[in-house]
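Engineer: Just so it is clear, I am handing over target_25.txt, which has compact mmCIF, N, CA and C atoms.
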# COMPACT_ATOMS: atom_id res chain seq x y z
N MET A 995 182.72 73.16 121.47
CA MET A 995 182.42 72.32 120.34
C MET A 995 181.62 73.08 119.30
N GLY A 996 180.74 73.96 119.71
CA GLY A 996 179.96 74.69 118.74
C GLY A 996 178.52 74.25 118.69
N ASN A 997 178.23 72.98 118.98
CA ASN A 997 176.84 72.52 119.01
C ASN A 997 176.16 73.02 120.26
N GLN A 998 174.92 73.47 120.14
CA GLN A 998 174.17 73.93 121.30
C GLN A 998 173.61 72.77 122.09
N GLN A 999 173.27 71.70 121.43
CA GLN A 999 172.69 70.53 122.08
C GLN A 999 173.68 69.38 121.97
N PRO A 1000 173.84 68.60 123.05
CA PRO A 1000 174.75 67.45 122.96
C PRO A 1000 174.28 66.47 121.89
N TYR A 1001 175.23 65.72 121.33
CA TYR A 1001 174.87 64.74 120.31
C TYR A 1001 173.97 63.65 120.88
N MET A 1002 174.25 63.24 122.10
CA MET A 1002 173.46 62.23 122.80
C MET A 1002 173.08 62.81 124.16
N PRO A 1003 172.11 62.21 124.85
CA PRO A 1003 171.75 62.72 126.18
C PRO A 1003 172.95 62.69 127.14
N ALA A 1004 173.18 63.80 127.81
CA ALA A 1004 174.34 63.92 128.70
C ALA A 1004 174.34 62.86 129.79
N ASP A 1005 173.17 62.46 130.25
CA ASP A 1005 173.14 61.49 131.36
C ASP A 1005 173.55 60.07 130.92
N LEU A 1006 173.75 59.85 129.62
CA LEU A 1006 174.28 58.56 129.16
C LEU A 1006 175.78 58.47 129.36
N ALA A 1007 176.44 59.61 129.51
CA ALA A 1007 177.91 59.65 129.61
C ALA A 1007 178.34 59.45 131.06
N ARG A 1008 178.31 58.23 131.50
CA ARG A 1008 178.79 57.89 132.84
C ARG A 1008 180.19 57.32 132.69
N VAL A 1009 181.16 58.09 133.08
CA VAL A 1009 182.55 57.69 132.95
C VAL A 1009 183.06 57.27 134.32
N THR A 1010 183.48 56.03 134.42
CA THR A 1010 184.04 55.51 135.67
C THR A 1010 185.41 54.91 135.36
N PRO A 1011 186.43 55.78 135.32
CA PRO A 1011 187.77 55.30 134.96
C PRO A 1011 188.34 54.33 135.98
N ASP A 1012 189.16 53.42 135.48
CA ASP A 1012 189.94 52.56 136.36
C ASP A 1012 191.40 52.99 136.23
N VAL A 1013 192.29 52.27 136.85
CA VAL A 1013 193.70 52.65 136.84
C VAL A 1013 194.26 52.72 135.41
N HIS A 1014 193.72 51.93 134.49
CA HIS A 1014 194.25 51.90 133.13
C HIS A 1014 193.61 52.96 132.23
N THR A 1015 192.36 53.33 132.47
CA THR A 1015 191.68 54.29 131.59
C THR A 1015 191.71 55.72 132.13
N LYS A 1016 192.08 55.92 133.39
CA LYS A 1016 192.08 57.25 133.99
C LYS A 1016 192.93 58.26 133.19
N PRO A 1017 194.15 57.91 132.74
CA PRO A 1017 194.92 58.88 131.95
C PRO A 1017 194.20 59.32 130.66
N PHE A 1018 193.47 58.40 130.03
CA PHE A 1018 192.71 58.76 128.83
C PHE A 1018 191.66 59.80 129.16
N TRP A 1019 190.83 59.54 130.19
CA TRP A 1019 189.75 60.46 130.54
C TRP A 1019 190.27 61.77 131.11
N ASP A 1020 191.40 61.72 131.83
CA ASP A 1020 192.00 62.97 132.33
C ASP A 1020 192.44 63.85 131.17
N SER A 1021 193.03 63.24 130.14
CA SER A 1021 193.46 64.04 128.98
C SER A 1021 192.26 64.56 128.20
N CYS A 1022 191.20 63.78 128.09
CA CYS A 1022 189.99 64.24 127.40
C CYS A 1022 189.43 65.49 128.09
N ARG A 1023 189.44 65.48 129.40
CA ARG A 1023 188.93 66.63 130.15
C ARG A 1023 189.70 67.91 129.79
N LYS A 1024 190.98 67.76 129.40
CA LYS A 1024 191.82 68.88 128.98
C LYS A 1024 191.75 69.13 127.47
N HIS A 1025 190.84 68.41 126.79
CA HIS A 1025 190.70 68.48 125.33
C HIS A 1025 191.99 68.06 124.61
N GLU A 1026 192.58 67.00 125.13
CA GLU A 1026 193.74 66.37 124.49
C GLU A 1026 193.41 64.90 124.29
N LEU A 1027 193.61 64.42 123.07
CA LEU A 1027 193.40 63.00 122.81
C LEU A 1027 194.75 62.31 122.94
N ARG A 1028 194.87 61.47 123.95
CA ARG A 1028 196.10 60.73 124.20
C ARG A 1028 195.80 59.24 124.13
N ILE A 1029 196.68 58.54 123.45
CA ILE A 1029 196.52 57.10 123.25
C ILE A 1029 197.71 56.39 123.90
N GLN A 1030 197.43 55.27 124.55
CA GLN A 1030 198.46 54.50 125.23
C GLN A 1030 199.41 53.88 124.20
N ARG A 1031 200.72 53.96 124.52
CA ARG A 1031 201.73 53.37 123.64
C ARG A 1031 202.77 52.65 124.50
N CYS A 1032 203.18 51.50 124.06
CA CYS A 1032 204.22 50.73 124.73
C CYS A 1032 205.56 51.43 124.50
N THR A 1033 206.30 51.67 125.60
CA THR A 1033 207.61 52.32 125.43
C THR A 1033 208.69 51.32 125.01
N ALA A 1034 208.42 50.03 125.16
CA ALA A 1034 209.41 49.02 124.76
C ALA A 1034 209.41 48.78 123.25
N CYS A 1035 208.21 48.62 122.65
CA CYS A 1035 208.16 48.30 121.22
C CYS A 1035 207.51 49.40 120.37
N GLY A 1036 206.88 50.41 121.03
CA GLY A 1036 206.30 51.53 120.30
C GLY A 1036 204.91 51.29 119.76
N LYS A 1037 204.28 50.16 120.09
CA LYS A 1037 202.95 49.86 119.57
C LYS A 1037 201.88 50.62 120.37
N PHE A 1038 200.99 51.32 119.62
CA PHE A 1038 199.84 51.98 120.23
C PHE A 1038 198.78 50.93 120.54
N ARG A 1039 197.93 51.24 121.54
CA ARG A 1039 196.83 50.32 121.83
C ARG A 1039 195.65 51.08 122.44
N ASN A 1040 194.47 50.62 122.07
CA ASN A 1040 193.22 51.12 122.62
C ASN A 1040 192.21 49.98 122.47
N PRO A 1041 191.49 49.64 123.51
CA PRO A 1041 191.43 50.28 124.82
C PRO A 1041 192.72 50.06 125.60
N PRO A 1042 192.94 50.93 126.60
CA PRO A 1042 194.14 50.82 127.42
C PRO A 1042 194.20 49.48 128.15
N LEU A 1043 195.40 48.93 128.22
CA LEU A 1043 195.63 47.64 128.88
C LEU A 1043 196.84 47.74 129.82
N PRO A 1044 196.94 46.86 130.78
CA PRO A 1044 198.09 46.91 131.69
C PRO A 1044 199.40 46.51 131.02
N GLY A 1045 199.32 45.66 130.00
CA GLY A 1045 200.53 45.21 129.32
C GLY A 1045 200.36 45.19 127.82
N CYS A 1046 201.47 45.20 127.14
CA CYS A 1046 201.49 45.22 125.66
C CYS A 1046 201.20 43.83 125.12
N LEU A 1047 200.25 43.74 124.22
CA LEU A 1047 199.92 42.47 123.59
C LEU A 1047 200.98 42.05 122.57
N ALA A 1048 201.77 43.01 122.08
CA ALA A 1048 202.77 42.71 121.07
C ALA A 1048 204.06 42.15 121.68
N CYS A 1049 204.52 42.76 122.81
CA CYS A 1049 205.81 42.34 123.36
C CYS A 1049 205.76 41.95 124.84
N GLY A 1050 204.63 42.19 125.51
CA GLY A 1050 204.50 41.80 126.91
C GLY A 1050 204.99 42.81 127.93
N SER A 1051 205.54 43.92 127.47
CA SER A 1051 206.06 44.93 128.39
C SER A 1051 204.93 45.61 129.16
N PHE A 1052 205.24 46.03 130.37
CA PHE A 1052 204.29 46.80 131.18
C PHE A 1052 204.63 48.29 131.18
N ASP A 1053 205.64 48.68 130.40
CA ASP A 1053 206.05 50.08 130.31
C ASP A 1053 205.17 50.81 129.30
N VAL A 1054 204.60 51.93 129.71
CA VAL A 1054 203.60 52.61 128.89
C VAL A 1054 203.79 54.11 128.96
N GLU A 1055 203.39 54.79 127.90
CA GLU A 1055 203.32 56.24 127.87
C GLU A 1055 202.02 56.63 127.19
N TRP A 1056 201.58 57.87 127.42
CA TRP A 1056 200.35 58.37 126.82
C TRP A 1056 200.73 59.46 125.83
N VAL A 1057 200.54 59.19 124.54
CA VAL A 1057 201.00 60.07 123.48
C VAL A 1057 199.83 60.89 122.93
N LYS A 1058 200.03 62.20 122.85
CA LYS A 1058 199.02 63.07 122.27
C LYS A 1058 198.99 62.84 120.77
N VAL A 1059 197.78 62.61 120.23
CA VAL A 1059 197.61 62.39 118.79
C VAL A 1059 196.76 63.51 118.21
N SER A 1060 196.79 63.64 116.91
CA SER A 1060 196.15 64.77 116.24
C SER A 1060 194.63 64.76 116.30
N GLY A 1061 194.03 63.58 116.37
CA GLY A 1061 192.58 63.50 116.32
C GLY A 1061 192.05 63.43 114.89
N LYS A 1062 192.93 63.36 113.93
CA LYS A 1062 192.51 63.17 112.54
C LYS A 1062 192.47 61.67 112.27
N GLY A 1063 191.57 61.29 111.39
CA GLY A 1063 191.46 59.88 111.06
C GLY A 1063 190.48 59.64 109.94
N THR A 1064 190.09 58.39 109.79
CA THR A 1064 189.12 58.01 108.77
C THR A 1064 188.07 57.09 109.38
N VAL A 1065 186.89 57.13 108.81
CA VAL A 1065 185.83 56.24 109.26
C VAL A 1065 186.19 54.83 108.79
N TYR A 1066 186.38 53.94 109.76
CA TYR A 1066 186.70 52.54 109.47
C TYR A 1066 185.42 51.74 109.28
N SER A 1067 184.41 52.07 110.09
CA SER A 1067 183.12 51.40 110.03
C SER A 1067 182.09 52.30 110.70
N PHE A 1068 180.81 52.01 110.47
CA PHE A 1068 179.77 52.79 111.13
C PHE A 1068 178.45 52.03 111.08
N THR A 1069 177.54 52.45 111.93
CA THR A 1069 176.19 51.92 111.92
C THR A 1069 175.23 53.06 112.24
N ILE A 1070 174.00 52.91 111.80
CA ILE A 1070 172.96 53.91 112.04
C ILE A 1070 171.79 53.22 112.75
N PRO A 1071 171.75 53.29 114.08
CA PRO A 1071 170.59 52.73 114.79
C PRO A 1071 169.32 53.56 114.51
N HIS A 1072 168.25 52.89 114.15
CA HIS A 1072 166.97 53.55 113.89
C HIS A 1072 165.96 53.29 114.99
N HIS A 1073 166.27 52.38 115.88
CA HIS A 1073 165.38 52.07 117.00
C HIS A 1073 166.13 52.36 118.29
N PRO A 1074 165.52 53.06 119.22
CA PRO A 1074 166.21 53.38 120.47
C PRO A 1074 166.50 52.13 121.29
N VAL A 1075 167.73 52.01 121.73
CA VAL A 1075 168.12 50.87 122.55
C VAL A 1075 167.57 51.03 123.97
N VAL A 1076 167.52 52.27 124.42
CA VAL A 1076 166.93 52.62 125.71
C VAL A 1076 165.95 53.77 125.48
N PRO A 1077 164.94 53.91 126.30
CA PRO A 1077 163.91 54.92 126.06
C PRO A 1077 164.44 56.35 125.94
N VAL A 1078 165.50 56.69 126.66
CA VAL A 1078 166.01 58.06 126.61
C VAL A 1078 166.53 58.43 125.21
N LEU A 1079 166.81 57.45 124.37
CA LEU A 1079 167.30 57.72 123.01
C LEU A 1079 166.20 57.89 121.98
N ALA A 1080 164.94 57.77 122.37
CA ALA A 1080 163.83 57.82 121.43
C ALA A 1080 163.84 59.09 120.58
N GLU A 1081 164.17 60.22 121.16
CA GLU A 1081 164.16 61.48 120.39
C GLU A 1081 165.45 61.68 119.59
N TYR A 1082 166.42 60.78 119.72
CA TYR A 1082 167.71 60.94 119.03
C TYR A 1082 167.86 60.05 117.81
N VAL A 1083 166.97 59.09 117.62
CA VAL A 1083 167.10 58.19 116.47
C VAL A 1083 166.61 58.88 115.20
N PRO A 1084 167.18 58.58 114.05
CA PRO A 1084 168.39 57.77 113.92
C PRO A 1084 169.63 58.59 114.32
N TYR A 1085 170.62 57.88 114.82
CA TYR A 1085 171.91 58.49 115.16
C TYR A 1085 173.00 57.59 114.60
N ASN A 1086 174.22 58.07 114.65
CA ASN A 1086 175.31 57.26 114.11
C ASN A 1086 176.29 56.85 115.19
N VAL A 1087 176.91 55.73 114.97
CA VAL A 1087 178.04 55.27 115.77
C VAL A 1087 179.14 54.95 114.76
N VAL A 1088 180.29 55.62 114.92
CA VAL A 1088 181.39 55.43 113.98
C VAL A 1088 182.58 54.82 114.69
N VAL A 1089 183.34 54.05 113.94
CA VAL A 1089 184.63 53.56 114.39
C VAL A 1089 185.65 54.32 113.57
N VAL A 1090 186.46 55.13 114.25
CA VAL A 1090 187.44 55.98 113.57
C VAL A 1090 188.83 55.39 113.76
N GLU A 1091 189.53 55.18 112.63
CA GLU A 1091 190.92 54.76 112.69
C GLU A 1091 191.75 56.03 112.76
N LEU A 1092 192.52 56.18 113.84
CA LEU A 1092 193.26 57.40 114.11
C LEU A 1092 194.59 57.44 113.35
N ASP A 1093 194.85 58.55 112.68
CA ASP A 1093 196.10 58.73 111.94
C ASP A 1093 197.30 58.64 112.89
N GLY A 1094 198.37 58.04 112.42
CA GLY A 1094 199.63 58.02 113.15
C GLY A 1094 199.68 57.09 114.35
N THR A 1095 198.72 56.15 114.44
CA THR A 1095 198.69 55.25 115.60
C THR A 1095 198.83 53.78 115.21
N GLY A 1096 199.15 53.51 113.98
CA GLY A 1096 199.31 52.11 113.57
C GLY A 1096 198.03 51.32 113.57
N GLY A 1097 196.90 51.99 113.34
CA GLY A 1097 195.63 51.28 113.22
C GLY A 1097 194.73 51.32 114.45
N VAL A 1098 195.08 52.11 115.45
CA VAL A 1098 194.21 52.22 116.63
C VAL A 1098 192.89 52.83 116.22
N ARG A 1099 191.81 52.29 116.78
CA ARG A 1099 190.46 52.76 116.45
C ARG A 1099 189.75 53.23 117.71
N LEU A 1100 188.86 54.20 117.53
CA LEU A 1100 188.08 54.76 118.62
C LEU A 1100 186.62 54.80 118.21
N ILE A 1101 185.73 54.36 119.09
CA ILE A 1101 184.30 54.38 118.82
C ILE A 1101 183.73 55.71 119.30
N SER A 1102 182.95 56.37 118.45
CA SER A 1102 182.41 57.68 118.78
C SER A 1102 181.19 57.96 117.90
N ASN A 1103 180.96 59.24 117.67
CA ASN A 1103 179.87 59.69 116.80
C ASN A 1103 180.41 60.75 115.85
N LEU A 1104 179.78 60.86 114.70
CA LEU A 1104 180.13 61.88 113.71
C LEU A 1104 179.04 62.94 113.76
N ILE A 1105 179.41 64.14 114.19
CA ILE A 1105 178.44 65.21 114.35
C ILE A 1105 178.32 66.04 113.08
N ASP A 1106 177.24 66.80 112.99
CA ASP A 1106 177.04 67.75 111.89
C ASP A 1106 177.10 67.11 110.51
N THR A 1107 176.76 65.83 110.43
CA THR A 1107 176.79 65.12 109.15
C THR A 1107 175.54 64.27 109.05
N PRO A 1108 174.70 64.49 108.03
CA PRO A 1108 173.54 63.61 107.86
C PRO A 1108 174.01 62.17 107.71
N TYR A 1109 173.27 61.25 108.33
CA TYR A 1109 173.74 59.87 108.32
C TYR A 1109 173.88 59.29 106.91
N GLU A 1110 173.09 59.78 105.97
CA GLU A 1110 173.22 59.26 104.61
C GLU A 1110 174.50 59.74 103.92
N ASP A 1111 175.21 60.71 104.51
CA ASP A 1111 176.46 61.21 103.94
C ASP A 1111 177.70 60.58 104.57
N ILE A 1112 177.53 59.66 105.50
CA ILE A 1112 178.67 59.00 106.14
C ILE A 1112 179.14 57.85 105.26
N SER A 1113 180.46 57.72 105.12
CA SER A 1113 180.98 56.63 104.30
C SER A 1113 182.29 56.11 104.88
N ILE A 1114 182.55 54.85 104.63
CA ILE A 1114 183.81 54.23 105.04
C ILE A 1114 184.93 54.90 104.26
N GLY A 1115 186.00 55.24 104.98
CA GLY A 1115 187.14 55.93 104.37
C GLY A 1115 187.04 57.44 104.45
N GLN A 1116 185.93 57.96 104.92
CA GLN A 1116 185.70 59.40 105.03
C GLN A 1116 186.69 60.01 106.02
N ALA A 1117 187.33 61.10 105.63
CA ALA A 1117 188.27 61.81 106.51
C ALA A 1117 187.49 62.56 107.58
N VAL A 1118 187.93 62.44 108.83
CA VAL A 1118 187.27 63.09 109.96
C VAL A 1118 188.31 63.74 110.85
N GLU A 1119 187.81 64.67 111.68
CA GLU A 1119 188.68 65.32 112.65
C GLU A 1119 187.97 65.43 113.99
N LEU A 1120 188.74 65.49 115.03
CA LEU A 1120 188.26 65.49 116.40
C LEU A 1120 187.61 66.82 116.78
N VAL A 1121 186.51 66.72 117.52
CA VAL A 1121 185.90 67.86 118.21
C VAL A 1121 185.54 67.37 119.61
N TRP A 1122 185.39 68.30 120.53
CA TRP A 1122 185.11 67.93 121.92
C TRP A 1122 183.70 68.32 122.30
N GLU A 1123 183.07 67.44 123.05
CA GLU A 1123 181.76 67.73 123.61
C GLU A 1123 181.89 67.69 125.14
N ASP A 1124 181.77 68.85 125.76
CA ASP A 1124 181.86 68.94 127.22
C ASP A 1124 180.51 68.55 127.82
N ILE A 1125 180.49 67.44 128.51
CA ILE A 1125 179.28 66.94 129.14
C ILE A 1125 179.09 67.57 130.51
N SER A 1126 180.21 67.77 131.21
CA SER A 1126 180.22 68.39 132.54
C SER A 1126 181.63 68.93 132.76
N ASP A 1127 181.87 69.47 133.95
CA ASP A 1127 183.23 69.92 134.27
C ASP A 1127 184.20 68.75 134.33
N ALA A 1128 183.70 67.57 134.59
CA ALA A 1128 184.54 66.39 134.77
C ALA A 1128 184.65 65.51 133.53
N VAL A 1129 183.76 65.68 132.55
CA VAL A 1129 183.72 64.76 131.40
C VAL A 1129 183.65 65.53 130.09
N ALA A 1130 184.62 65.26 129.22
CA ALA A 1130 184.61 65.74 127.84
C ALA A 1130 184.72 64.51 126.95
N LEU A 1131 183.83 64.42 125.97
CA LEU A 1131 183.81 63.27 125.08
C LEU A 1131 184.42 63.62 123.73
N PRO A 1132 185.27 62.73 123.20
CA PRO A 1132 185.77 62.93 121.83
C PRO A 1132 184.69 62.56 120.83
N ARG A 1133 184.33 63.50 119.99
CA ARG A 1133 183.41 63.28 118.88
C ARG A 1133 184.19 63.64 117.60
N PHE A 1134 183.59 63.39 116.46
CA PHE A 1134 184.27 63.68 115.20
C PHE A 1134 183.32 64.41 114.27
N ARG A 1135 183.90 65.11 113.30
CA ARG A 1135 183.14 65.75 112.22
C ARG A 1135 183.93 65.52 110.93
N SER A 1136 183.24 65.70 109.82
CA SER A 1136 183.90 65.56 108.52
C SER A 1136 185.04 66.56 108.43
N ALA A 1137 186.17 66.12 107.94
CA ALA A 1137 187.33 67.00 107.78
C ALA A 1137 187.10 67.93 106.61
N ALA A 1138 187.62 69.12 106.73
CA ALA A 1138 187.45 70.13 105.68
C ALA A 1138 188.21 69.75 104.42
Using the file provided, produce a representation of the structure as structure tokens.

Structural biologist:
Amino acid sequence: MGNQQPYMPADLARVTPDVHTKPFWDSCRKHELRIQRCTACGKFRNPPLPGCLACGSFDVEWVKVSGKGTVYSFTIPHHPVVPVLAEYVPYNVVVVELDGTGGVRLISNLIDTPYEDISIGQAVELVWEDISDAVALPRFRSAA
């Protein structure tokens, strides 16, 4: 990723995949962003679900996406929600609408960007933060 220090404390990243989210986290570990898509109607969806909300099909595939997108929404917490975040405030939480997915959004953080420079509609691109050998988190940065 390039950052020497994780964006958030590594011990906050407890990933416990279930049968529906395991393919997402497995692809993240390989630094691939894959989003669930219905093979019957082609609709992307996130978070992963057992069936398609659009057509009811249970047929699914995991499609690799570019990781480019735009900031759909964001917030800047100034008070730590838990004590371990005290040294990290203020930090940002962004909702990124991913290009080419029909409006699928992913909640993450925007790194290397002062919070006062974050704006709705801002172009962003995916970067990876390796938390451990088993967990890589998708983060975003401002697109060039």

Engineer: Using only N, CA and C atoms, which of A:Val1090, A:Trp1122, A:Glu1055, A:Glu1110 sits nearest His1025 of chain A?

Structural biologist: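 Once distances to His1025 of chain A are computed over only N, CA and C atoms, the minimum belongs to A:Trp1122.
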
Engineer: So which residues touch segment 1103-1107 of chain A within 6 Å, counting only N, CA and C atoms, skipping near sequence neighbours fewer than 6 positions away, as a ChimeraX atom specification?

Structural biologist: /A:1086-1088,1132-1136

Engineer: For the selection you just gave me, I'd like the residues written to a file as an mmCIF file, keeping the file's coordinate frame, keeping N, CA and C atoms.

Structural biologist:
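As a result, part.cif now contains:
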data_model
loop_
_atom_site.group_PDB
_atom_site.id
_atom_site.type_symbol
_atom_site.label_atom_id
_atom_site.label_comp_id
_atom_site.auth_asym_id
_atom_site.auth_seq_id
_atom_site.Cartn_x
_atom_site.Cartn_y
_atom_site.Cartn_z
ATOM 1 N N ASN A 1086 174.220 58.070 114.650
ATOM 2 C CA ASN A 1086 175.310 57.260 114.110
ATOM 3 C C ASN A 1086 176.290 56.850 115.190
ATOM 4 N N VAL A 1087 176.910 55.730 114.970
ATOM 5 C CA VAL A 1087 178.040 55.270 115.770
ATOM 6 C C VAL A 1087 179.140 54.950 114.760
ATOM 7 N N VAL A 1088 180.290 55.620 114.920
ATOM 8 C CA VAL A 1088 181.390 55.430 113.980
ATOM 9 C C VAL A 1088 182.580 54.820 114.690
ATOM 10 N N PRO A 1132 185.270 62.730 123.200
ATOM 11 C CA PRO A 1132 185.770 62.930 121.830
ATOM 12 C C PRO A 1132 184.690 62.560 120.830
ATOM 13 N N ARG A 1133 184.330 63.500 119.990
ATOM 14 C CA ARG A 1133 183.410 63.280 118.880
ATOM 15 C C ARG A 1133 184.190 63.640 117.600
ATOM 16 N N PHE A 1134 183.590 63.390 116.460
ATOM 17 C CA PHE A 1134 184.270 63.680 115.200
ATOM 18 C C PHE A 1134 183.320 64.410 114.270
ATOM 19 N N ARG A 1135 183.900 65.110 113.300
ATOM 20 C CA ARG A 1135 183.140 65.750 112.220
ATOM 21 C C ARG A 1135 183.930 65.520 110.930
ATOM 22 N N SER A 1136 183.240 65.700 109.820
ATOM 23 C CA SER A 1136 183.900 65.560 108.520
ATOM 24 C C SER A 1136 185.040 66.560 108.430
#

Engineer: Of the candidates A:Gly1061, A:Pro1071, A:Pro1108, A:Gly1096, which shows the shortest atom-to-atom distance to Arg1028 of chain A, using only N, CA and C atoms?

Structural biologist: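 Closest candidate: A:Gly1061.
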
Engineer: Pick the closest to Asp1005 of chain A from A:Val1076, A:Val1057, A:Ile1125, A:Ile1029: which is it, counting all atoms listed in the file?

Structural biologist: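 With all atoms listed in the file as the atom set, the closest residue is A:Ile1125.
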
Engineer: Just the number, please: distance in Å from atom CA of Ser1126 of chain A to atom CA of Arg1008 of chain A, one decimal.

Structural biologist: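 Rounded to one decimal, the two atoms are 10.6 Å apart.
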
Engineer: What gap, in Å, lies between atom C of Tyr1109 of chain A and atom CA of Pro1084 of chain A?

Structural biologist: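 Interatomic distance here is 9.0 Å.
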
Engineer: From the set A:Phe1052, A:Phe1018, A:Tyr1066, A:Tyr1001, which residue has the shortest atom-to-atom contact distance to Gln1116 of chain A, counting all atoms listed in the file?

Structural biologist: A:Tyr1066

Engineer: One decimal, in Å: what's the spacing between atom C of Leu1092 of chain A and atom N of Thr1064 of chain A?

Structural biologist: 5.8 Å

Engineer: As a list in words, list the residues of segment 1024-1100 of chain A assigned to strand (DSSP E or B) by DSSP on the backbone atoms of this structure.

Structural biologist: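 Across segment 1024-1100 of chain A, those assigned strand (DSSP E or B) are Arg1028, Ile1029, Gln1030, Arg1031, Cys1032, Phe1038, Arg1039, Val1054, Glu1055, Trp1056, Val1057, Lys1058, Lys1062, Gly1063, Thr1064, Val1065, Tyr1066, Ser1067, Phe1068, Thr1069, Val1087, Val1088, Val1089, Val1090, Glu1091, Leu1092, Arg1099 and Leu1100 of chain A.
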
Engineer: So that I can check the surroundings of segment 1034-1039 of chain A, please list as a PyMOL selection string every protein, DNA and RNA residue that reaches within 6.5 Å of it, counting all atoms listed in the file and ignoring chain neighbours fewer than 4 positions away.

Structural biologist: chain A and resi 1029-1030+1043+1051+1053-1054+1095-1096+1098

Engineer: Taking all atoms listed in the file into account, which of A:Tyr1085, A:Ser1060, A:Ala1004, A:Ser1102 comes nearest His1072 of chain A?

Structural biologist: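 Using all atoms listed in the file, the shortest distance to His1072 of chain A belongs to A:Tyr1085.
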
Engineer: Return the single residue from A:Asp1012, A:Met1002, A:Arg1023, A:Phe1068 that is closest to Ala1130 of chain A, with distances computed using all atoms listed in the file.

Structural biologist: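 Going through A:Asp1012, A:Met1002, A:Arg1023, A:Phe1068 one by one, the smallest distance to Ala1130 of chain A is for A:Arg1023.
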
Engineer: Within chain A, find each residue whose DSSP state, derived from the backbone, is helix (DSSP H, G or I), and express the selection as a PyMOL selection string.

Structural biologist: chain A and resi 1004-1006+1016-1023+1077-1079+1109-1111
